[in-house]
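Peer 1: One file: work_15.csv (CSV, C-alpha atoms (C1' of nucleotides) and all ligand atoms).
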chain,number,residue,atom,x,y,z
A,18,MET,CA,301.7,58.6,120.8
A,19,SER,CA,304.1,58.8,117.8
A,20,GLY,CA,303.7,59.3,114.1
A,21,ARG,CA,301.0,61.4,112.4
A,22,TYR,CA,297.4,60.5,112.3
A,23,GLY,CA,296.3,58.4,109.3
A,24,ARG,CA,294.0,60.1,106.8
A,25,GLY,CA,294.5,63.5,105.3
A,26,PRO,CA,293.6,66.9,106.6
A,27,ARG,CA,290.1,67.3,108.1
A,28,TRP,CA,287.5,70.0,107.8
A,29,TRP,CA,288.2,71.0,111.4
A,30,ASP,CA,291.9,71.6,110.9
A,31,SER,CA,291.2,75.2,110.0
A,32,ASN,CA,289.2,75.7,113.1
A,33,LEU,CA,292.0,74.5,115.2
A,34,ARG,CA,294.6,76.6,113.4
A,35,LYS,CA,292.4,79.6,113.6
A,36,HIS,CA,292.7,79.4,117.4
A,37,SER,CA,296.4,78.5,117.2
A,38,CYS,CA,295.9,75.1,118.5
A,39,ARG,CA,298.3,72.3,117.3
A,40,ILE,CA,296.8,69.6,115.2
A,41,THR,CA,297.7,66.6,117.3
A,42,MET,CA,296.9,62.9,117.0
A,43,PRO,CA,294.7,62.8,120.1
A,44,ARG,CA,292.7,65.7,118.9
A,45,GLN,CA,292.2,64.2,115.5
A,46,VAL,CA,291.2,60.9,117.0
A,47,ILE,CA,288.7,62.4,119.4
A,48,LEU,CA,287.1,64.5,116.6
A,49,ASP,CA,286.9,61.5,114.4
A,50,VAL,CA,285.1,59.6,117.2
A,51,LEU,CA,282.7,62.5,117.7
A,52,SER,CA,281.9,62.9,114.0
A,53,ASN,CA,281.4,59.2,113.4
A,54,GLU,CA,279.7,57.8,116.4
A,55,GLU,CA,276.3,58.5,118.0
A,56,GLN,CA,275.7,61.8,119.9
A,57,HIS,CA,275.7,62.8,123.5
A,58,LEU,CA,278.8,61.0,124.5
A,59,SER,CA,280.3,61.5,128.0
A,60,ALA,CA,284.0,62.0,128.4
A,61,GLU,CA,284.3,58.4,129.4
A,62,ASP,CA,282.3,57.2,126.5
A,63,VAL,CA,284.7,59.1,124.2
A,64,PHE,CA,287.7,57.8,126.1
A,65,LEU,CA,286.4,54.2,125.7
A,66,LYS,CA,285.9,54.5,122.0
A,67,VAL,CA,289.2,56.2,121.5
A,68,HIS,CA,290.9,53.7,123.7
A,69,LYS,CA,290.0,50.7,121.5
A,70,LYS,CA,292.2,52.0,118.6
A,71,TYR,CA,294.6,54.2,120.5
A,72,PRO,CA,295.2,52.8,124.0
A,73,ASP,CA,297.9,55.4,124.6
A,74,ILE,CA,295.6,58.3,124.7
A,75,GLY,CA,294.7,59.1,128.3
A,76,LEU,CA,291.4,60.1,129.9
A,77,THR,CA,293.0,63.4,131.0
A,78,THR,CA,293.6,64.3,127.4
A,79,VAL,CA,290.1,63.5,126.5
A,80,TYR,CA,288.8,65.8,129.1
A,81,ARG,CA,291.2,68.5,128.1
A,82,THR,CA,290.4,68.1,124.4
A,83,LEU,CA,286.6,68.2,125.0
A,84,ASN,CA,287.1,71.4,127.0
A,85,LEU,CA,289.2,72.9,124.2
A,86,LEU,CA,286.8,71.9,121.5
A,87,THR,CA,283.9,73.3,123.5
A,88,GLN,CA,285.7,76.6,124.0
A,89,ILE,CA,286.4,77.1,120.3
A,90,GLY,CA,282.9,76.1,119.5
A,91,LEU,CA,283.5,72.8,117.6
A,92,VAL,CA,281.6,70.9,120.3
A,93,VAL,CA,278.6,71.6,122.5
A,94,ARG,CA,278.5,70.5,126.1
A,95,PHE,CA,275.2,69.4,127.7
A,96,ASP,CA,274.2,68.6,131.3
A,97,PHE,CA,271.3,66.3,131.3
A,98,GLY,CA,271.3,65.8,135.0
A,99,ASP,CA,272.9,62.4,135.4
A,100,GLY,CA,276.1,63.8,136.9
A,101,LYS,CA,278.3,63.6,133.7
A,102,ALA,CA,278.6,66.1,131.0
A,103,ARG,CA,277.8,65.1,127.5
A,104,TYR,CA,279.2,66.3,124.2
A,105,GLU,CA,278.0,66.6,120.7
A,106,LEU,CA,279.7,67.9,117.6
A,107,SER,CA,278.3,71.4,116.8
A,108,SER,CA,279.3,72.1,113.2
A,109,GLY,CA,280.9,70.8,110.1
A,110,PRO,CA,279.8,68.6,107.2
A,111,GLU,CA,278.2,66.0,109.4
A,112,LYS,CA,276.6,68.6,111.5
A,113,LYS,CA,273.1,68.1,112.9
A,114,GLY,CA,270.9,71.1,112.6
A,115,HIS,CA,269.6,73.2,115.5
A,116,HIS,CA,267.6,70.8,117.7
A,117,HIS,CA,266.4,70.3,121.2
A,118,HIS,CA,266.1,67.2,123.4
A,119,LEU,CA,263.6,64.9,125.2
A,120,VAL,CA,265.2,63.4,128.3
A,121,CYS,CA,264.0,60.3,130.0
A,122,THR,CA,264.1,60.8,133.7
A,123,LYS,CA,264.3,57.1,134.3
A,124,CYS,CA,266.9,55.7,132.0
A,125,ASN,CA,268.5,59.0,130.8
A,126,ARG,CA,267.9,58.2,127.2
A,127,ILE,CA,268.1,61.4,125.0
A,128,ILE,CA,266.0,61.9,121.9
A,129,ASP,CA,266.8,64.7,119.5
A,130,TYR,CA,264.0,66.5,117.9
A,131,ASP,CA,263.8,69.4,115.5
A,132,ASP,CA,260.1,69.8,115.1
A,133,PHE,CA,258.6,73.2,115.9
A,134,ILE,CA,262.1,74.7,115.9
A,135,GLU,CA,260.8,77.5,113.7
A,136,GLU,CA,257.9,78.3,116.0
A,137,GLU,CA,260.1,78.1,119.0
A,138,GLU,CA,262.6,80.5,117.5
A,139,LYS,CA,259.9,82.9,116.5
A,140,LEU,CA,258.5,83.0,120.0
A,141,PHE,CA,261.9,83.1,121.6
A,142,GLY,CA,263.0,85.9,119.4
A,143,LYS,CA,260.2,88.0,120.7
A,144,ILE,CA,260.7,86.9,124.3
A,145,GLU,CA,264.4,87.6,124.2
A,146,LYS,CA,263.9,91.1,122.9
A,147,VAL,CA,261.5,92.0,125.7
A,148,LEU,CA,263.4,90.3,128.5
A,149,SER,CA,266.8,91.7,127.5
A,150,GLU,CA,265.3,95.2,127.8
A,151,LYS,CA,263.3,94.6,130.9
A,152,TYR,CA,266.1,93.0,132.8
A,153,ASP,CA,269.0,94.7,131.2
A,154,PHE,CA,270.3,91.3,130.2
A,155,GLU,CA,272.1,90.4,127.0
A,156,ILE,CA,270.8,87.1,125.9
A,157,THR,CA,273.2,84.9,123.9
A,158,ASP,CA,271.6,81.5,124.1
A,159,HIS,CA,268.6,79.6,125.2
A,160,LEU,CA,267.7,76.1,126.4
A,161,VAL,CA,264.5,74.2,125.8
A,162,ARG,CA,264.1,70.7,127.0
A,163,PHE,CA,261.3,68.2,127.8
A,164,TYR,CA,261.5,65.6,130.5
A,165,GLY,CA,259.5,62.5,130.8
A,166,LEU,CA,259.4,58.8,130.2
A,167,CYS,CA,260.5,57.0,127.1
A,168,GLU,CA,258.6,54.2,125.6
A,169,GLU,CA,260.8,51.4,127.1
A,170,CYS,CA,260.6,52.9,130.6
A,171,ARG,CA,256.8,53.2,130.4
A,172,SER,CA,256.4,49.6,129.5
A,173,GLU,CA,258.7,48.5,132.3
A,174,ILE,CA,256.5,50.4,134.7
A,175,GLN,CA,253.4,48.7,133.2
A,176,GLU,CA,254.9,45.3,133.7
A,177,SER,CA,255.7,45.9,137.3
A,178,LEU,CA,252.0,46.5,138.2
B,286,MET,CA,269.6,68.5,168.7
B,287,SER,CA,267.2,68.3,171.6
B,288,GLY,CA,263.8,70.0,172.3
B,289,ARG,CA,261.1,70.7,169.9
B,290,TYR,CA,261.3,73.4,167.2
B,291,GLY,CA,260.0,76.8,168.4
B,292,ARG,CA,256.9,78.1,166.6
B,293,GLY,CA,253.7,76.1,166.1
B,294,PRO,CA,252.8,73.8,163.2
B,295,ARG,CA,253.7,74.8,159.7
B,296,TRP,CA,251.8,74.5,156.5
B,297,TRP,CA,254.3,71.9,155.3
B,298,ASP,CA,253.7,69.5,158.2
B,299,SER,CA,250.8,67.8,156.4
B,300,ASN,CA,253.1,67.3,153.3
B,301,LEU,CA,255.6,65.6,155.5
B,302,ARG,CA,253.1,63.4,157.3
B,303,LYS,CA,251.4,62.5,154.0
B,304,HIS,CA,254.7,60.9,153.0
B,305,SER,CA,255.2,59.4,156.5
B,306,CYS,CA,258.2,61.5,157.2
B,307,ARG,CA,258.9,62.6,160.8
B,308,ILE,CA,258.7,66.2,161.6
B,309,THR,CA,262.1,66.9,162.9
B,310,MET,CA,263.9,70.0,164.0
B,311,PRO,CA,266.4,70.0,161.2
B,312,ARG,CA,263.6,69.7,158.6
B,313,GLN,CA,261.7,72.5,160.2
B,314,VAL,CA,264.7,74.8,160.3
B,315,ILE,CA,265.7,74.0,156.7
B,316,LEU,CA,262.2,74.6,155.5
B,317,ASP,CA,262.1,77.9,157.4
B,318,VAL,CA,265.3,79.0,155.8
B,319,LEU,CA,264.0,78.1,152.4
B,320,SER,CA,260.7,80.0,152.9
B,321,ASN,CA,262.2,83.1,154.4
B,322,GLU,CA,265.4,83.7,152.4
B,323,GLU,CA,266.2,84.4,148.8
B,324,GLN,CA,265.8,81.7,146.2
B,325,HIS,CA,268.3,79.4,144.4
B,326,LEU,CA,270.3,78.5,147.5
B,327,SER,CA,273.0,75.8,147.2
B,328,ALA,CA,273.1,73.1,149.8
B,329,GLU,CA,276.0,74.9,151.4
B,330,ASP,CA,274.1,78.2,151.3
B,331,VAL,CA,271.3,76.5,153.2
B,332,PHE,CA,273.8,74.9,155.6
B,333,LEU,CA,275.5,78.3,156.4
B,334,LYS,CA,272.2,80.0,157.1
B,335,VAL,CA,271.0,77.1,159.2
B,336,HIS,CA,274.3,76.9,161.0
B,337,LYS,CA,274.1,80.5,162.4
B,338,LYS,CA,271.1,79.6,164.6
B,339,TYR,CA,271.5,75.9,164.9
B,340,PRO,CA,275.2,75.0,164.8
B,341,ASP,CA,274.5,71.3,165.6
B,342,ILE,CA,272.7,70.6,162.3
B,343,GLY,CA,275.2,69.0,159.9
B,344,LEU,CA,275.8,69.5,156.3
B,345,THR,CA,275.0,65.8,155.7
B,346,THR,CA,271.5,66.4,157.0
B,347,VAL,CA,271.0,69.4,154.8
B,348,TYR,CA,271.8,67.3,151.8
B,349,ARG,CA,269.6,64.5,152.9
B,350,THR,CA,266.8,66.9,153.7
B,351,LEU,CA,267.0,68.7,150.4
B,352,ASN,CA,266.8,65.4,148.6
B,353,LEU,CA,263.8,64.4,150.6
B,354,LEU,CA,262.0,67.6,150.1
B,355,THR,CA,262.7,67.4,146.4
B,356,GLN,CA,261.4,63.9,146.2
B,357,ILE,CA,258.1,64.8,147.9
B,358,GLY,CA,257.8,67.9,145.8
B,359,LEU,CA,258.1,70.6,148.4
B,360,VAL,CA,261.3,71.8,146.8
B,361,VAL,CA,262.6,72.1,143.2
B,362,ARG,CA,266.2,71.4,142.4
B,363,PHE,CA,268.0,73.2,139.6
B,364,ASP,CA,271.3,72.8,137.9
B,365,PHE,CA,272.5,76.1,136.5
B,366,GLY,CA,275.9,74.8,135.4
B,367,ASP,CA,278.2,76.0,138.1
B,368,GLY,CA,278.8,72.6,139.7
B,369,LYS,CA,276.4,72.9,142.6
B,370,ALA,CA,272.7,72.1,142.7
B,371,ARG,CA,270.4,75.0,143.7
B,372,TYR,CA,267.1,74.6,145.5
B,373,GLU,CA,263.9,76.7,145.6
B,374,LEU,CA,260.6,76.2,147.5
B,375,SER,CA,258.0,74.9,145.1
B,376,SER,CA,254.7,75.4,146.8
B,377,GLY,CA,252.9,76.8,149.9
B,378,PRO,CA,251.7,80.2,150.9
B,379,GLU,CA,255.0,82.0,150.1
B,380,LYS,CA,255.2,80.2,146.8
B,381,LYS,CA,256.4,81.9,143.7
B,382,GLY,CA,254.4,81.2,140.7
B,383,HIS,CA,255.5,79.3,137.7
B,384,HIS,CA,258.6,81.1,136.3
B,385,HIS,CA,261.7,80.6,134.3
B,386,HIS,CA,265.3,81.9,134.5
B,387,LEU,CA,267.9,84.1,133.0
B,388,VAL,CA,271.4,82.8,133.8
B,389,CYS,CA,274.5,85.0,133.6
B,390,THR,CA,277.3,82.9,132.2
B,391,LYS,CA,279.9,85.1,133.8
B,392,CYS,CA,278.8,85.6,137.4
B,393,ASN,CA,276.1,82.9,137.6
B,394,ARG,CA,273.5,85.4,138.7
B,395,ILE,CA,270.0,84.1,138.3
B,396,ILE,CA,267.0,86.2,137.4
B,397,ASP,CA,263.5,84.9,137.7
B,398,TYR,CA,261.0,86.0,135.1
B,399,ASP,CA,257.4,85.2,134.6
B,400,ASP,CA,256.7,87.2,131.5
B,401,PHE,CA,255.3,85.3,128.5
B,402,ILE,CA,254.6,82.3,130.6
B,403,GLU,CA,251.2,82.1,129.1
B,404,GLU,CA,252.5,82.1,125.6
B,405,GLU,CA,255.2,79.7,126.4
B,406,GLU,CA,252.7,77.3,127.9
B,407,LYS,CA,250.4,77.6,125.0
B,408,LEU,CA,253.2,76.7,122.5
B,409,PHE,CA,254.6,74.0,124.7
B,410,GLY,CA,251.2,72.4,125.1
B,411,LYS,CA,251.0,72.0,121.4
B,412,ILE,CA,254.6,70.8,121.0
B,413,GLU,CA,254.2,68.3,123.9
B,414,LYS,CA,251.2,66.8,122.3
B,415,VAL,CA,252.9,66.3,118.9
B,416,LEU,CA,256.2,65.2,120.3
B,417,SER,CA,254.8,62.7,122.8
B,418,GLU,CA,253.0,61.0,119.9
B,419,LYS,CA,255.7,61.1,117.4
B,420,TYR,CA,258.4,59.8,119.8
B,421,ASP,CA,256.2,57.7,122.0
B,422,PHE,CA,257.4,59.7,125.0
B,423,GLU,CA,255.3,60.8,127.9
B,424,ILE,CA,256.3,64.4,128.7
B,425,THR,CA,256.0,65.4,132.3
B,426,ASP,CA,258.0,68.6,132.6
B,427,HIS,CA,259.8,71.1,130.5
B,428,LEU,CA,262.8,73.5,130.9
B,429,VAL,CA,263.2,76.9,129.4
B,430,ARG,CA,266.1,79.0,130.2
B,431,PHE,CA,268.0,81.9,128.7
B,432,TYR,CA,271.8,82.4,129.0
B,433,GLY,CA,273.7,85.6,128.6
B,434,LEU,CA,275.3,88.5,130.4
B,435,CYS,CA,273.8,90.5,133.2
B,436,GLU,CA,274.1,94.2,133.4
B,437,GLU,CA,277.0,94.2,136.0
B,438,CYS,CA,279.1,91.8,133.9
B,439,ARG,CA,278.5,93.7,130.7
B,440,SER,CA,279.8,96.9,132.3
B,441,GLU,CA,282.8,95.1,133.7
B,442,ILE,CA,283.7,94.0,130.2
B,443,GLN,CA,283.2,97.5,128.9
B,444,GLU,CA,285.6,98.9,131.5
B,445,SER,CA,288.3,96.5,130.6
B,446,LEU,CA,288.5,97.7,127.0
C,164,DT,C1',253.5,59.6,180.6
C,165,DT,C1',256.4,55.9,179.8
C,166,DT,C1',258.1,52.7,176.5
C,167,DG,C1',259.7,50.7,172.3
C,168,DA,C1',260.4,50.3,167.4
C,169,DT,C1',262.7,52.5,164.0
C,170,DA,C1',263.5,56.7,161.3
C,171,DA,C1',266.6,60.5,161.4
C,172,DT,C1',271.0,62.4,162.6
C,173,DG,C1',276.1,63.7,162.5
C,174,DA,C1',281.0,62.7,161.8
C,175,DA,C1',284.0,60.6,159.1
C,176,DA,C1',285.0,58.0,155.2
C,177,DA,C1',283.9,56.9,150.5
C,178,DT,C1',282.5,58.2,145.6
C,179,DC,C1',283.0,59.9,141.4
C,180,DA,C1',283.5,63.3,137.7
C,181,DT,C1',286.7,66.5,136.6
C,182,DT,C1',290.9,69.4,137.2
C,183,DT,C1',295.7,70.3,138.4
C,184,DT,C1',300.6,69.3,138.6
C,185,DC,C1',304.7,68.2,136.5
C,186,DA,C1',308.2,65.9,134.0
C,187,DA,C1',308.5,63.9,129.3
C,188,DT,C1',307.3,64.4,124.4
C,189,DA,C1',305.7,66.0,120.1
C,190,DA,C1',304.2,69.9,116.7
C,191,DA,C1',305.4,73.8,114.3
C,192,DT,C1',308.7,77.2,112.7
C,193,DT,C1',313.4,78.2,111.6
D,22,DA,C1',318.1,69.2,112.1
D,23,DA,C1',317.6,72.3,116.0
D,24,DT,C1',314.7,75.2,118.9
D,25,DT,C1',310.7,76.6,121.1
D,26,DT,C1',306.9,75.7,123.5
D,27,DA,C1',302.2,73.6,123.4
D,28,DT,C1',300.5,69.1,124.5
D,29,DT,C1',300.5,64.9,126.7
D,30,DG,C1',299.9,61.1,130.4
D,31,DA,C1',300.2,59.4,135.1
D,32,DA,C1',299.3,60.4,139.5
D,33,DA,C1',297.6,63.3,142.9
D,34,DA,C1',294.2,66.8,144.1
D,35,DT,C1',289.6,68.7,144.2
D,36,DG,C1',285.0,69.4,145.4
D,37,DA,C1',280.2,68.3,145.6
D,38,DT,C1',277.5,64.8,147.1
D,39,DT,C1',276.6,60.1,149.1
D,40,DT,C1',277.3,56.2,152.2
D,41,DT,C1',278.3,54.1,156.5
D,42,DC,C1',277.4,53.3,161.1
D,43,DA,C1',276.8,54.1,165.9
D,44,DT,C1',273.9,57.3,168.5
D,45,DT,C1',269.7,59.9,169.3
D,46,DA,C1',265.0,61.6,168.7
D,47,DT,C1',260.2,61.0,167.0
D,48,DC,C1',255.8,59.1,167.4
D,49,DA,C1',252.4,55.7,168.1
D,50,DA,C1',251.0,52.3,171.3
D,51,DA,C1',250.4,50.8,175.9
A,501,MN,MN,271.4,66.3,120.5
A,502,MN,MN,263.6,80.8,140.4
A,503,ZN,ZN,263.7,55.8,129.6
A,504,ZN,ZN,276.7,88.5,135.6
Can you turn what I pasted into structure tokens?
Peer 2:
Amino acid sequence: MSGRYGRGPRWWDSNLRKHSCRITMPRQVILDVLSNEEQHLSAEDVFLKVHKKYPDIGLTTVYRTLNLLTQIGLVVRFDFGDGKARYELSSGPEKKGHHHHLVCTKCNRIIDYDDFIEEEEKLFGKIEKVLSEKYDFEITDHLVRFYGLCEECRSEIQESL
Amino acid sequence: MSGRYGRGPRWWDSNLRKHSCRITMPRQVILDVLSNEEQHLSAEDVFLKVHKKYPDIGLTTVYRTLNLLTQIGLVVRFDFGDGKARYELSSGPEKKGHHHHLVCTKCNRIIDYDDFIEEEEKLFGKIEKVLSEKYDFEITDHLVRFYGLCEECRSEIQESL
DNA sequence: TTTGATAATGAAAATCATTTTCAATAAATT
DNA sequence: AATTTATTGAAAATGATTTTCATTATCAAA
């Protein structure tokens, strides 16, 4: 783990500095992986991808870094119910907009969707207002998710009949 | 673990039989706990309550039973993000109606609410229809949840300022 | 009611994702 | 370059849940 990380400064450097976190090689590499590759990676997924190019970066550091990035808000952590947390970049140039998820209960495939977000937000705005008064509860976030069977899993079930 | 379980047959006996599960003492006791006590119990919570009256029932059996009851639909399992699964009776006489949750991110308190369920369902019905076509995904269930700070936790924060 | 097949149980060990510990190392500031 | 201290990696620890396996209890059949 010596030398500086290749390419120039990144858009997230300021975020790190803002929280007085050092800009280290493992952090850069992990953020690069998160911003280039597909979403919803587990810690081990991240580790594996990182490991190919930088075999000296350990799994422990991946966990620590994902926790840090989640805390400072650069990354969002999800629990889809398969026993491992999943992570997704939350902001920046390559950011995906506000979206929710379809989760296949058979193969754990995750599908992002951003349809109806407007309508959802509108209803939730109203709900949040009423609930926070009624239950004296300050709402800061919400979770909407649909579970079911993806196309592949449905056809597998068909075949087995 | 000898002798039969005290009181007469229970409403859930038929559910168990339907799935060709034996009606055992541990299962009766665990179901009794779930139907009498407060909701959102962890496996260990259930074990502790069971243990007071029936010290011979093991934690392993509690886990196994909760899994079974979840599979046959008598119990619903939740992951609120504190590392342990929580369980709630899903049907029967003492059933709570369809409801969603407010989750305190500081103390993990869970508040049930059933306001706006109608409106939610109406919107979700529409969303589900469109999404299942667009993404070729058969939706079987949904999850709505609000995160935030409960009253107690807000006042604690106030005090510490 | 007794019997027999086998599903269910409990204790201990195993899993598995994640966290902690701690000595070594690297990033920022001077 | 020297100093300070946050960060790192390996190994061990943790903690919830599952698996294993020998023993026991349930239930249908005789
Ligand atoms: Mn997503
Ligand atoms: Mn509830
Ligand atoms: Zn699937
Ligand atoms: Zn709280």
Peer 1: Please indicate the distance in Å from CA of Glu105 (chain A) to CA of Val92 (chain A), rounded to one decimal place.
Peer 2: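 According to the coordinates, CA of Glu105 (chain A) and CA of Val92 (chain A) are separated by 5.6 Å.
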Peer 1: Could you pull the residues within 8 Å of Phe64 (chain A), counting only C-alpha atoms (C1' of nucleotides), minus those fewer than 5 positions along the same chain, as a list in words?
Peer 2: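 Residues meeting the cut-off are Gly75, Leu76 and Val79 of chain A.
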Peer 1: Can you move chain B onto chain A by a least-squares fit over all C-alpha atoms paired in order, then give me the moved copy as a compact mmCIF listing (two decimals) with C-alpha atoms, in the coordinates of the input?
Peer 2:
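Resulting contents of out37.txt:
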# COMPACT_ATOMS: atom_id res chain seq x y z
CA MET B 286 301.86 58.68 120.76
CA SER B 287 304.24 58.87 117.84
CA GLY B 288 303.68 59.30 114.04
CA ARG B 289 301.18 61.42 112.36
CA TYR B 290 297.44 60.65 112.30
CA GLY B 291 296.42 58.49 109.30
CA ARG B 292 294.05 60.15 106.81
CA GLY B 293 294.63 63.57 105.24
CA PRO B 294 293.52 66.97 106.54
CA ARG B 295 290.13 67.34 108.09
CA TRP B 296 287.59 70.06 107.79
CA TRP B 297 288.21 70.99 111.43
CA ASP B 298 291.92 71.69 110.96
CA SER B 299 291.28 75.31 109.96
CA ASN B 300 289.14 75.75 113.18
CA LEU B 301 292.03 74.52 115.21
CA ARG B 302 294.64 76.65 113.48
CA LYS B 303 292.37 79.72 113.65
CA HIS B 304 292.62 79.41 117.43
CA SER B 305 296.37 78.59 117.26
CA CYS B 306 295.89 75.13 118.56
CA ARG B 307 298.25 72.36 117.37
CA ILE B 308 296.84 69.62 115.33
CA THR B 309 297.66 66.63 117.36
CA MET B 310 296.88 62.97 117.08
CA PRO B 311 294.71 62.82 120.13
CA ARG B 312 292.61 65.77 118.89
CA GLN B 313 292.24 64.19 115.52
CA VAL B 314 291.15 60.86 116.94
CA ILE B 315 288.70 62.46 119.39
CA LEU B 316 287.21 64.57 116.67
CA ASP B 317 286.88 61.48 114.46
CA VAL B 318 285.09 59.63 117.18
CA LEU B 319 282.76 62.52 117.71
CA SER B 320 281.92 62.84 113.98
CA ASN B 321 281.45 59.18 113.31
CA GLU B 322 279.63 57.85 116.39
CA GLU B 323 276.31 58.53 118.03
CA GLN B 324 275.71 61.79 119.81
CA HIS B 325 275.66 62.78 123.53
CA LEU B 326 278.81 60.88 124.47
CA SER B 327 280.24 61.36 127.99
CA ALA B 328 283.92 62.01 128.34
CA GLU B 329 284.34 58.40 129.37
CA ASP B 330 282.28 57.24 126.38
CA VAL B 331 284.68 59.14 124.15
CA PHE B 332 287.68 57.76 126.06
CA LEU B 333 286.47 54.09 125.67
CA LYS B 334 285.92 54.46 121.96
CA VAL B 335 289.24 56.20 121.50
CA HIS B 336 290.98 53.67 123.67
CA LYS B 337 290.07 50.66 121.41
CA LYS B 338 292.24 51.99 118.56
CA TYR B 339 294.62 54.19 120.41
CA PRO B 340 295.23 52.77 123.89
CA ASP B 341 297.96 55.36 124.67
CA ILE B 342 295.57 58.35 124.67
CA GLY B 343 294.64 59.12 128.29
CA LEU B 344 291.43 60.05 129.84
CA THR B 345 293.01 63.34 131.03
CA THR B 346 293.57 64.31 127.42
CA VAL B 347 290.03 63.51 126.47
CA TYR B 348 288.81 65.86 129.12
CA ARG B 349 291.20 68.54 128.15
CA THR B 350 290.35 68.10 124.50
CA LEU B 351 286.63 68.23 125.05
CA ASN B 352 287.03 71.43 126.98
CA LEU B 353 289.09 72.92 124.24
CA LEU B 354 286.77 71.95 121.52
CA THR B 355 283.89 73.35 123.50
CA GLN B 356 285.66 76.60 124.05
CA ILE B 357 286.38 77.08 120.33
CA GLY B 358 282.87 76.05 119.46
CA LEU B 359 283.48 72.84 117.59
CA VAL B 360 281.63 70.92 120.26
CA VAL B 361 278.57 71.59 122.48
CA ARG B 362 278.49 70.40 126.04
CA PHE B 363 275.26 69.40 127.73
CA ASP B 364 274.25 68.58 131.23
CA PHE B 365 271.28 66.24 131.26
CA GLY B 366 271.28 65.71 135.02
CA ASP B 367 272.92 62.37 135.43
CA GLY B 368 276.20 63.67 136.85
CA LYS B 369 278.29 63.51 133.71
CA ALA B 370 278.65 66.11 130.98
CA ARG B 371 277.70 64.96 127.45
CA TYR B 372 279.25 66.29 124.27
CA GLU B 373 277.98 66.60 120.67
CA LEU B 374 279.66 67.96 117.50
CA SER B 375 278.31 71.40 116.78
CA SER B 376 279.26 72.16 113.24
CA GLY B 377 280.92 70.81 110.03
CA PRO B 378 279.74 68.69 107.19
CA GLU B 379 278.21 65.94 109.40
CA LYS B 380 276.54 68.55 111.53
CA LYS B 381 273.09 68.09 112.87
CA GLY B 382 270.94 71.05 112.60
CA HIS B 383 269.61 73.09 115.41
CA HIS B 384 267.59 70.72 117.67
CA HIS B 385 266.38 70.22 121.16
CA HIS B 386 265.98 67.19 123.48
CA LEU B 387 263.62 64.88 125.18
CA VAL B 388 265.18 63.44 128.35
CA CYS B 389 263.91 60.25 130.01
CA THR B 390 264.10 60.75 133.74
CA LYS B 391 264.28 57.04 134.34
CA CYS B 392 266.89 55.70 131.93
CA ASN B 393 268.47 59.01 130.83
CA ARG B 394 267.82 58.25 127.19
CA ILE B 395 268.06 61.31 125.02
CA ILE B 396 265.98 61.95 121.95
CA ASP B 397 266.80 64.70 119.53
CA TYR B 398 263.92 66.52 117.91
CA ASP B 399 263.80 69.33 115.48
CA ASP B 400 260.08 69.73 115.12
CA PHE B 401 258.64 73.18 115.87
CA ILE B 402 262.04 74.71 115.87
CA GLU B 403 260.76 77.45 113.70
CA GLU B 404 257.96 78.28 116.01
CA GLU B 405 260.11 78.06 119.01
CA GLU B 406 262.59 80.46 117.48
CA LYS B 407 259.93 82.85 116.48
CA LEU B 408 258.53 83.02 120.08
CA PHE B 409 261.94 83.11 121.64
CA GLY B 410 263.02 85.96 119.40
CA LYS B 411 260.21 88.01 120.73
CA ILE B 412 260.74 86.98 124.37
CA GLU B 413 264.52 87.64 124.11
CA LYS B 414 263.92 91.09 122.87
CA VAL B 415 261.51 92.00 125.70
CA LEU B 416 263.44 90.27 128.41
CA SER B 417 266.85 91.67 127.47
CA GLU B 418 265.36 95.17 127.77
CA LYS B 419 263.38 94.69 130.84
CA TYR B 420 266.22 92.99 132.78
CA ASP B 421 269.12 94.70 131.11
CA PHE B 422 270.49 91.29 130.15
CA GLU B 423 272.14 90.41 126.90
CA ILE B 424 270.79 87.00 125.85
CA THR B 425 273.15 84.86 123.88
CA ASP B 426 271.66 81.38 124.01
CA HIS B 427 268.60 79.57 125.14
CA LEU B 428 267.70 76.04 126.41
CA VAL B 429 264.55 74.13 125.77
CA ARG B 430 264.15 70.68 126.95
CA PHE B 431 261.35 68.27 127.76
CA TYR B 432 261.50 65.65 130.57
CA GLY B 433 259.43 62.54 130.86
CA LEU B 434 259.33 58.82 130.26
CA CYS B 435 260.41 57.02 127.14
CA GLU B 436 258.48 54.20 125.69
CA GLU B 437 260.75 51.40 127.15
CA CYS B 438 260.50 52.81 130.69
CA ARG B 439 256.76 53.27 130.49
CA SER B 440 256.31 49.61 129.58
CA GLU B 441 258.63 48.53 132.35
CA ILE B 442 256.43 50.35 134.82
CA GLN B 443 253.34 48.80 133.33
CA GLU B 444 254.79 45.30 133.76
CA SER B 445 255.55 45.84 137.37
CA LEU B 446 251.92 46.52 138.28
Peer 1: Using only C-alpha atoms (C1' of nucleotides), determine which residues lie at most 12 Å from DA49 (chain D), disregarding the query and same-chain residues fewer than 4 positions distant; provide the list as a ChimeraX atom specification.
Peer 2: /B:307 /C:166-169
Peer 1: Kindly compile the residues surrounding ligand MN 502 (chain A) within 9 Å, counting only C-alpha atoms (C1' of nucleotides) and all ligand atoms, and format them as a VMD selection string.
Peer 2: chain B and resid 324 to 325 363 372 to 374 381 383 to 386 395 to 398
Peer 1: Give me, as an MDAnalysis selection string, all polymer residues having an atom no more than 12 Å from DT35 (chain D), counting all atoms listed in the file and skipping those fewer than 2 positions away in the same chain.
Peer 2: (chainID C and resid 179:183) or (chainID D and resid 33 37)
Peer 1: Write the residues you've just listed into a file as a short mmCIF file (atom, residue, chain, number, x, y, z; two decimals), keeping the file's coordinate frame, and include C-alpha atoms (C1' of nucleotides) for each of them.
Peer 2:
data_model
loop_
_atom_site.label_atom_id
_atom_site.label_comp_id
_atom_site.auth_asym_id
_atom_site.auth_seq_id
_atom_site.Cartn_x
_atom_site.Cartn_y
_atom_site.Cartn_z
"C1'" DC C 179 283.00 59.90 141.40
"C1'" DA C 180 283.50 63.30 137.70
"C1'" DT C 181 286.70 66.50 136.60
"C1'" DT C 182 290.90 69.40 137.20
"C1'" DT C 183 295.70 70.30 138.40
"C1'" DA D 33 297.60 63.30 142.90
"C1'" DA D 37 280.20 68.30 145.60
#
